[in-house]
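Below is one structure, written out as structure tokens; the observations come after it.
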Amino acid sequence: MKNCLVVDDSKVIRKVARHILETLNFNVNEAEDGREALTRCEEQMPDVVLLDWNMPVMSGMEFLRTLRQQTIERQPKVVFCTTENDTAHIRAAIEAGADEYVMKPFDRETLESKLQIVGVA
Amino acid sequence: MEVTDAAIRILAGLLEARTGQQLAISRRWRIETALKSLMRERGFDSLDQLLGDIVSGREPALSDAVVDALLNNETYFYRDRQPFELLMIGAFTALQKARAREKRLSIWCAGCSTGQEAYSIAMTIADEKERWDGWTVDIVATDVSRGAIAQARNGLYSQFEVQRGLPVVQMIRHFAAEGEGQWRLNEAIRGKVRFKTQSLMDAPPAPGRFDVILCRNVLLYFHAAARSAVFDRLSQAIAHDGYLMLGAGETVIGQSDAFVSSTEFRGIYSPTSRRTTVPASSAA
Ligand SMILES: C[S@@+](CC[C@H](N)C(=O)[O-])C[C@H]1O[C@@H](n2cnc3c(N)ncnc32)[C@H](O)[C@@H]1O
């Protein structure tokens, strides 16, 4: 079973994502912001991170940059999942090391296909 | 809205005549939802009224719209990723060898819905510049649904459609945001596909001989005789060394003698005539 860390300050989004991911056979952990996400990663490095952009304390971008600087054996796949739906944001995310990008709102099919593209589903 | 058995019989007859597809009674709820918005749009109070207008043949466009509404148009970019890659990498490489002199390939997406399948091929080819340098690849895409073909030609997709199956890097390379949550495919890729409203029950589109035919997730609801007739027609439209690709859960086995499983590529089919025509021309 693969591990997915859902990072989003909205409890509702985390719940929806968890539900979809569990039906796709993922083991799901949650974090409310970038800082908590880093702690979760220290405890257990997930296979994939579903990452919101705007969050208090530490944004998705800051989290991603910090994560990508770490020397770890196997970097997790990172899928941005955000309402920042313009090409400028998307390009910036890819440059910072994101593997995929999901524009909110999303549905099960979208998420599933993106997880297949990054090779975890 | 009540959908009586009599109504279903009329709708089923219409659909089958136009497309070869059977209307399963078990999908009665689908018929209801499919026709509800159409009735609202066109101001019909009851299904009987709508059927009355269809049967009288007063407005031919109405039957088109009803057939459109009854069809399942589900599709997405790079559907069934692995077999699709096998086609793009394996089968296309074999064909590139076989056509090294003329450097020309023709592809037919039969039952292309809103265009994602044909555009996935066009984008892949555009992204592999070196591999396709000097090649002409004709892509023809047909569907019986007018609405689907109109959207395909337009190349305009909702946020849900554009994300499904399409890697984000390709999305930003080939699409531009347009208005609220809409994404338009660039002209460069749109121009690579020739779309046509046409049924598989009719003769194949020009040029009539294709190196690759994709007919995926189309024949599921056809009744056996229509399905086997389609396979025959496809076999006449395919090059002797061409490849046919069906949907992930589909097969020709037990449905038609016109195709056999490809010995090289899993889930891909070769025309049976390959065996009989090849020795005749290359025996010496
Ligand atoms: C489920 S979609 C599949 C689209 C695409 N090939 C794919 O695999 O994603 C099936 C399409 O077949 C079309 N179709 C059904 N009967 C047809 C016929 N007789 N001739 C041409 N297209 C047909 C429908 O309109 C629909 O767009």
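If you're wondering about the labels, chains in the structure tokens are A, B, ... by order shown, residues count from 1 in each chain, ligands from 1 in order shown.
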
Give one line per residue of chain A that approaches chain B to at most 9 Å, naming the two atoms of the closest pair and their distance in Å to one decimal, counting only C-alpha atoms; sort by chain then ascending residue number and deliver it as a Markdown table.
```
| residue | atom | partner | partner_atom | distance |
| --- | --- | --- | --- | --- |
| A:Asn85 | CA | B:Gly181 | CA | 8.2 |
| A:Asp86 | CA | B:Ala177 | CA | 7.3 |
| A:Thr87 | CA | B:Ile172 | CA | 6.5 |
| A:Ile90 | CA | B:Ile172 | CA | 8.0 |
| A:Arg91 | CA | B:Ile172 | CA | 8.0 |
| A:Ile94 | CA | B:Val169 | CA | 8.1 |
| A:Asp99 | CA | B:Val168 | CA | 8.5 |
| A:Glu100 | CA | B:Val168 | CA | 6.0 |
| A:Tyr101 | CA | B:Val168 | CA | 6.1 |
| A:Val102 | CA | B:Gln163 | CA | 7.1 |
| A:Met103 | CA | B:Gln159 | CA | 7.5 |
| A:Lys104 | CA | B:Gln159 | CA | 8.7 |
| A:Pro105 | CA | B:Phe160 | CA | 8.2 |
| A:Phe106 | CA | B:Phe160 | CA | 6.7 |
| A:Asp107 | CA | B:Phe160 | CA | 7.5 |
| A:Glu109 | CA | B:Arg164 | CA | 6.6 |
| A:Thr110 | CA | B:Arg164 | CA | 4.6 |
| A:Leu111 | CA | B:Arg164 | CA | 7.9 |
| A:Glu112 | CA | B:Arg164 | CA | 8.5 |
| A:Ser113 | CA | B:Gly165 | CA | 5.0 |
| A:Lys114 | CA | B:Gly165 | CA | 6.6 |
| A:Gln116 | CA | B:Gly165 | CA | 8.4 |
| A:Ile117 | CA | B:Pro167 | CA | 6.7 |
| A:Val118 | CA | B:Pro167 | CA | 8.8 |
```

Atoms kept (C-alpha atoms) for selection, written as an mmCIF file, in the first residue's frame:
```cif
data_model
loop_
_atom_site.group_PDB
_atom_site.id
_atom_site.type_symbol
_atom_site.label_atom_id
_atom_site.label_comp_id
_atom_site.auth_asym_id
_atom_site.auth_seq_id
_atom_site.Cartn_x
_atom_site.Cartn_y
_atom_site.Cartn_z
ATOM 1 C CA ASN A 85 -5.172 27.833 -11.964
ATOM 2 C CA ASP A 86 -3.076 30.021 -14.248
ATOM 3 C CA THR A 87 -0.065 29.017 -16.317
ATOM 4 C CA ILE A 90 1.774 26.097 -12.904
ATOM 5 C CA ARG A 91 5.156 26.874 -14.472
ATOM 6 C CA ILE A 94 7.063 22.690 -12.090
ATOM 7 C CA ASP A 99 5.678 16.418 -10.655
ATOM 8 C CA GLU A 100 2.060 17.133 -11.421
ATOM 9 C CA TYR A 101 -0.610 19.763 -10.925
ATOM 10 C CA VAL A 102 -4.286 19.440 -10.177
ATOM 11 C CA MET A 103 -6.483 22.494 -10.515
ATOM 12 C CA LYS A 104 -9.303 22.716 -7.989
ATOM 13 C CA PRO A 105 -12.071 21.797 -8.149
ATOM 14 C CA PHE A 106 -11.095 18.290 -9.115
ATOM 15 C CA ASP A 107 -12.841 14.947 -9.184
ATOM 16 C CA GLU A 109 -11.025 10.690 -12.201
ATOM 17 C CA THR A 110 -8.693 13.669 -12.422
ATOM 18 C CA LEU A 111 -6.835 12.762 -9.268
ATOM 19 C CA GLU A 112 -6.579 9.114 -10.215
ATOM 20 C CA SER A 113 -5.191 9.939 -13.650
ATOM 21 C CA LYS A 114 -2.621 12.339 -12.216
ATOM 22 C CA GLN A 116 -1.097 7.279 -12.603
ATOM 23 C CA ILE A 117 0.936 9.803 -14.554
ATOM 24 C CA VAL A 118 3.440 10.183 -11.694
#
```

Give one line per residue of chain B that approaches ligand 1 to at most 6 Å, naming the two atoms of the closest pair and their distance in Å to one decimal, counting only C-alpha atoms and all ligand atoms; sort by chain then ascending residue number and deliver it as JSON lines.
```
{"residue": "B:Thr19", "atom": "CA", "partner": "ligand 1", "partner_atom_place_in_ligand_line": "19 (N)", "distance": 3.4}
{"residue": "B:Gly20", "atom": "CA", "partner": "ligand 1", "partner_atom_place_in_ligand_line": "19 (N)", "distance": 5.4}
{"residue": "B:Leu71", "atom": "CA", "partner": "ligand 1", "partner_atom_place_in_ligand_line": "25 (O)", "distance": 5.3}
{"residue": "B:Asn72", "atom": "CA", "partner": "ligand 1", "partner_atom_place_in_ligand_line": "1 (C)", "distance": 5.2}
{"residue": "B:Asn73", "atom": "CA", "partner": "ligand 1", "partner_atom_place_in_ligand_line": "27 (O)", "distance": 4.0}
{"residue": "B:Glu74", "atom": "CA", "partner": "ligand 1", "partner_atom_place_in_ligand_line": "1 (C)", "distance": 4.5}
{"residue": "B:Thr75", "atom": "CA", "partner": "ligand 1", "partner_atom_place_in_ligand_line": "9 (O)", "distance": 3.5}
{"residue": "B:Tyr76", "atom": "CA", "partner": "ligand 1", "partner_atom_place_in_ligand_line": "9 (O)", "distance": 5.6}
{"residue": "B:Gly111", "atom": "CA", "partner": "ligand 1", "partner_atom_place_in_ligand_line": "22 (N)", "distance": 3.9}
{"residue": "B:Cys112", "atom": "CA", "partner": "ligand 1", "partner_atom_place_in_ligand_line": "6 (N)", "distance": 4.5}
{"residue": "B:Ser113", "atom": "CA", "partner": "ligand 1", "partner_atom_place_in_ligand_line": "27 (O)", "distance": 3.3}
{"residue": "B:Glu117", "atom": "CA", "partner": "ligand 1", "partner_atom_place_in_ligand_line": "5 (C)", "distance": 5.9}
{"residue": "B:Asp143", "atom": "CA", "partner": "ligand 1", "partner_atom_place_in_ligand_line": "22 (N)", "distance": 3.9}
{"residue": "B:Val144", "atom": "CA", "partner": "ligand 1", "partner_atom_place_in_ligand_line": "21 (C)", "distance": 4.1}
{"residue": "B:Ser145", "atom": "CA", "partner": "ligand 1", "partner_atom_place_in_ligand_line": "25 (O)", "distance": 4.6}
{"residue": "B:Gln198", "atom": "CA", "partner": "ligand 1", "partner_atom_place_in_ligand_line": "21 (C)", "distance": 5.9}
{"residue": "B:Ser199", "atom": "CA", "partner": "ligand 1", "partner_atom_place_in_ligand_line": "20 (N)", "distance": 3.4}
{"residue": "B:Leu200", "atom": "CA", "partner": "ligand 1", "partner_atom_place_in_ligand_line": "20 (N)", "distance": 3.8}
{"residue": "B:Met201", "atom": "CA", "partner": "ligand 1", "partner_atom_place_in_ligand_line": "19 (N)", "distance": 5.5}
{"residue": "B:Cys215", "atom": "CA", "partner": "ligand 1", "partner_atom_place_in_ligand_line": "6 (N)", "distance": 5.8}
{"residue": "B:Arg216", "atom": "CA", "partner": "ligand 1", "partner_atom_place_in_ligand_line": "8 (O)", "distance": 4.2}
{"residue": "B:Asn217", "atom": "CA", "partner": "ligand 1", "partner_atom_place_in_ligand_line": "8 (O)", "distance": 4.7}
{"residue": "B:Val218", "atom": "CA", "partner": "ligand 1", "partner_atom_place_in_ligand_line": "10 (C)", "distance": 4.3}
```

Can you list, as a count of residues only, all residues belonging to stretch 15-112 of chain A that DSSP tags as strand (DSSP E or B)? 20

Can you tell me, as a short mmCIF file (atom, residue, chain, number, x, y, z; two decimals) with C-alpha atoms, in the first residue's frame, what residues are no more than 7 Å from stretch 240-249 of chain B when counting only C-alpha atoms, ignoring any on the same chain fewer than 2 positions away?
```
data_model
loop_
_atom_site.label_atom_id
_atom_site.label_comp_id
_atom_site.auth_asym_id
_atom_site.auth_seq_id
_atom_site.Cartn_x
_atom_site.Cartn_y
_atom_site.Cartn_z
CA ASP B 80 -5.39 3.46 -20.92
CA ASP B 211 -1.86 2.13 -41.12
CA VAL B 212 -3.40 2.39 -37.68
CA ILE B 213 -7.05 2.30 -36.69
CA LEU B 214 -8.17 3.03 -33.16
CA CYS B 215 -11.70 1.95 -32.38
CA ARG B 216 -11.74 2.05 -28.64
CA ASN B 217 -14.73 1.74 -26.34
CA ILE B 238 -6.49 -1.16 -42.94
CA THR B 251 -11.31 -8.07 -28.06
CA ILE B 268 -3.25 -4.82 -30.54
CA TYR B 269 -4.69 -6.60 -33.57
CA SER B 270 -3.52 -7.28 -37.11
CA PRO B 271 -5.74 -7.88 -40.10
CA SER B 273 -5.35 -10.81 -44.54
CA ARG B 274 -1.75 -10.05 -43.56
#
```

According to DSSP computed on the backbone, where in chain A is there helix (DSSP H, G or I)? Give the residues as a count of residues only. 52

Using only C-alpha atoms, which protein or nucleic acid residues come within 10 Å of A:Ala93? Drop anything in the same chain fewer than 3 positions from it, and give the result as JSON, numbers by chain. {"A": [53, 60, 61, 64, 65, 78, 79, 80, 87, 88, 89, 90, 96, 97, 98, 99, 100, 101]}

Deliver the residues from the most recent selection as a file, using all heavy atoms, as a tab-separated table (two decimals), in the first residue's frame.
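Everything below was put into again-v4.tsv:
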```
chain	number	residue	atom	x	y	z
A	53	TRP	N	-1.49	25.22	-2.21
A	53	TRP	CA	-0.54	26.32	-2.40
A	53	TRP	C	-0.55	27.27	-1.21
A	53	TRP	O	0.42	27.41	-0.48
A	53	TRP	CB	-0.89	27.09	-3.69
A	53	TRP	CG	0.19	28.01	-4.14
A	53	TRP	CD1	0.63	29.13	-3.51
A	53	TRP	CD2	0.98	27.86	-5.32
A	53	TRP	NE1	1.65	29.70	-4.22
A	53	TRP	CE2	1.89	28.96	-5.34
A	53	TRP	CE3	1.01	26.94	-6.37
A	53	TRP	CZ2	2.82	29.13	-6.37
A	53	TRP	CZ3	1.93	27.13	-7.38
A	53	TRP	CH2	2.81	28.21	-7.38
A	60	GLY	N	2.78	25.98	0.31
A	60	GLY	CA	3.13	24.78	-0.44
A	60	GLY	C	4.47	24.92	-1.15
A	60	GLY	O	5.27	23.99	-1.20
A	61	MET	N	4.71	26.12	-1.72
A	61	MET	CA	5.96	26.34	-2.42
A	61	MET	C	7.16	26.24	-1.49
A	61	MET	O	8.16	25.62	-1.83
A	61	MET	CB	5.95	27.73	-3.09
A	61	MET	CG	5.35	27.72	-4.45
A	61	MET	SD	6.21	26.59	-5.55
A	61	MET	CE	6.71	27.72	-6.80
A	64	LEU	N	7.76	22.68	-0.68
A	64	LEU	CA	8.33	21.95	-1.81
A	64	LEU	C	9.82	22.24	-1.96
A	64	LEU	O	10.63	21.32	-2.13
A	64	LEU	CB	7.58	22.31	-3.10
A	64	LEU	CG	8.08	21.66	-4.38
A	64	LEU	CD1	8.01	20.14	-4.32
A	64	LEU	CD2	7.27	22.15	-5.59
A	65	ARG	N	10.19	23.53	-1.87
A	65	ARG	CA	11.60	23.89	-2.03
A	65	ARG	C	12.44	23.24	-0.94
A	65	ARG	O	13.53	22.71	-1.20
A	65	ARG	CB	11.77	25.41	-1.99
A	65	ARG	CG	11.15	26.07	-3.22
A	65	ARG	CD	11.83	27.38	-3.58
A	65	ARG	NE	11.28	27.89	-4.82
A	65	ARG	CZ	10.29	28.80	-4.87
A	65	ARG	NH1	9.78	29.31	-3.75
A	65	ARG	NH2	9.82	29.20	-6.04
A	78	VAL	N	5.41	14.87	-5.95
A	78	VAL	CA	4.60	15.96	-5.40
A	78	VAL	C	3.58	16.42	-6.45
A	78	VAL	O	3.94	16.76	-7.58
A	78	VAL	CB	5.47	17.15	-4.96
A	78	VAL	CG1	4.60	18.34	-4.55
A	78	VAL	CG2	6.37	16.74	-3.79
A	79	VAL	N	2.32	16.37	-6.04
A	79	VAL	CA	1.24	16.81	-6.92
A	79	VAL	C	0.60	18.04	-6.28
A	79	VAL	O	-0.01	17.93	-5.22
A	79	VAL	CB	0.19	15.70	-7.09
A	79	VAL	CG1	-0.97	16.18	-7.96
A	79	VAL	CG2	0.81	14.44	-7.68
A	80	PHE	N	0.79	19.19	-6.91
A	80	PHE	CA	0.12	20.39	-6.41
A	80	PHE	C	-1.38	20.25	-6.61
A	80	PHE	O	-1.82	19.66	-7.60
A	80	PHE	CB	0.61	21.64	-7.15
A	80	PHE	CG	1.52	22.48	-6.32
A	80	PHE	CD1	2.88	22.53	-6.58
A	80	PHE	CD2	1.01	23.22	-5.26
A	80	PHE	CE1	3.73	23.31	-5.80
A	80	PHE	CE2	1.85	24.00	-4.47
A	80	PHE	CZ	3.21	24.04	-4.74
A	87	THR	N	-1.31	29.64	-15.85
A	87	THR	CA	-0.06	29.02	-16.32
A	87	THR	C	1.16	29.53	-15.56
A	87	THR	O	2.11	28.78	-15.39
A	87	THR	CB	0.15	29.23	-17.83
A	87	THR	OG1	-0.43	30.47	-18.20
A	87	THR	CG2	-0.52	28.14	-18.62
A	88	ALA	N	1.15	30.79	-15.12
A	88	ALA	CA	2.32	31.31	-14.40
A	88	ALA	C	2.57	30.50	-13.13
A	88	ALA	O	3.69	30.08	-12.85
A	88	ALA	CB	2.12	32.78	-14.06
A	89	HIS	N	1.48	30.26	-12.36
A	89	HIS	CA	1.63	29.45	-11.15
A	89	HIS	C	2.07	28.02	-11.50
A	89	HIS	O	2.90	27.44	-10.82
A	89	HIS	CB	0.31	29.40	-10.38
A	89	HIS	CG	0.11	30.57	-9.47
A	89	HIS	ND1	-0.51	31.73	-9.87
A	89	HIS	CD2	0.47	30.76	-8.16
A	89	HIS	CE1	-0.52	32.59	-8.85
A	89	HIS	NE2	0.06	32.03	-7.80
A	90	ILE	N	1.47	27.48	-12.54
A	90	ILE	CA	1.77	26.10	-12.90
A	90	ILE	C	3.26	25.96	-13.28
A	90	ILE	O	3.95	25.07	-12.79
A	90	ILE	CB	0.87	25.61	-14.06
A	90	ILE	CG1	-0.60	25.63	-13.60
A	90	ILE	CG2	1.26	24.22	-14.52
A	90	ILE	CD1	-1.62	25.32	-14.69
A	96	ALA	N	9.89	24.50	-9.48
A	96	ALA	CA	10.30	24.23	-8.10
A	96	ALA	C	10.36	22.73	-7.82
A	96	ALA	O	10.74	22.32	-6.72
A	96	ALA	CB	9.35	24.92	-7.14
A	97	GLY	N	9.98	21.93	-8.78
A	97	GLY	CA	10.13	20.48	-8.59
A	97	GLY	C	8.83	19.70	-8.42
A	97	GLY	O	8.88	18.53	-8.02
A	98	ALA	N	7.69	20.32	-8.72
A	98	ALA	CA	6.43	19.56	-8.64
A	98	ALA	C	6.37	18.59	-9.82
A	98	ALA	O	6.85	18.89	-10.91
A	98	ALA	CB	5.24	20.50	-8.68
A	99	ASP	N	5.78	17.42	-9.59
A	99	ASP	CA	5.68	16.42	-10.66
A	99	ASP	C	4.38	16.55	-11.44
A	99	ASP	O	4.32	16.26	-12.61
A	99	ASP	CB	5.75	15.01	-10.05
A	99	ASP	CG	7.07	14.77	-9.37
A	99	ASP	OD1	8.06	14.55	-10.08
A	99	ASP	OD2	7.12	14.85	-8.11
A	100	GLU	N	3.35	16.97	-10.75
A	100	GLU	CA	2.06	17.13	-11.42
A	100	GLU	C	1.29	18.26	-10.77
A	100	GLU	O	1.70	18.81	-9.74
A	100	GLU	CB	1.24	15.84	-11.39
A	100	GLU	CG	1.33	15.03	-12.69
A	100	GLU	CD	0.90	15.82	-13.94
A	100	GLU	OE1	0.04	16.72	-13.82
A	100	GLU	OE2	1.42	15.55	-15.03
A	101	TYR	N	0.15	18.60	-11.38
A	101	TYR	CA	-0.61	19.76	-10.92
A	101	TYR	C	-2.09	19.49	-11.13
A	101	TYR	O	-2.50	19.14	-12.24
A	101	TYR	CB	-0.19	20.96	-11.78
A	101	TYR	CG	-0.41	22.31	-11.15
A	101	TYR	CD1	0.63	22.99	-10.56
A	101	TYR	CD2	-1.67	22.90	-11.18
A	101	TYR	CE1	0.44	24.25	-10.00
A	101	TYR	CE2	-1.87	24.16	-10.62
A	101	TYR	CZ	-0.81	24.82	-10.03
A	101	TYR	OH	-1.01	26.06	-9.48
```

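Near stretch 12-28 of chain A, within a cut-off of 7 Å and counting only C-alpha atoms, sit the residues Met1, Lys2, Asn3, Cys4, Leu5, Val6, Asp8, Ser10, Glu30 and Arg108 of chain A, with same-chain residues fewer than 2 positions away left out.
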
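Using only C-alpha atoms, the contacts of B:Gln236 at a cut-off of 10 Å, with sequence neighbours closer than 2 positions omitted, comprise Ala203, Pro204, Gly208, Arg209, Phe210, Val230, Phe231, Asp232, Arg233, Leu234, Ile238, Ala239, His240, Ala258, Pro271 and Ser273 of chain B.
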
Next, dump the selected residues to file, keeping only C-alpha atoms, as a short mmCIF file (atom, residue, chain, number, x, y, z; two decimals), in the first residue's frame.
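Once everything was written out, this is selection20.cif:
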```
data_model
loop_
_atom_site.label_atom_id
_atom_site.label_comp_id
_atom_site.auth_asym_id
_atom_site.auth_seq_id
_atom_site.Cartn_x
_atom_site.Cartn_y
_atom_site.Cartn_z
CA ALA B 203 -18.02 3.49 -45.69
CA PRO B 204 -14.67 4.47 -44.13
CA GLY B 208 -9.72 4.58 -47.15
CA ARG B 209 -6.49 2.81 -46.28
CA PHE B 210 -5.01 3.33 -42.82
CA VAL B 230 -17.85 -3.07 -38.49
CA PHE B 231 -14.81 -5.31 -38.04
CA ASP B 232 -15.16 -6.39 -41.68
CA ARG B 233 -15.32 -2.78 -42.81
CA LEU B 234 -12.31 -1.86 -40.67
CA ILE B 238 -6.49 -1.16 -42.94
CA ALA B 239 -3.10 -1.74 -44.53
CA HIS B 240 -2.10 -5.41 -44.61
CA ALA B 258 -11.13 -10.28 -39.89
CA PRO B 271 -5.74 -7.88 -40.10
CA SER B 273 -5.35 -10.81 -44.54
#
```

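Remark: for A:Gln44, the closest of the candidate residues A:Ser59, A:Asn29, A:Thr83, A:Gln69 is A:Asn29 (distances computed over only C-alpha atoms).
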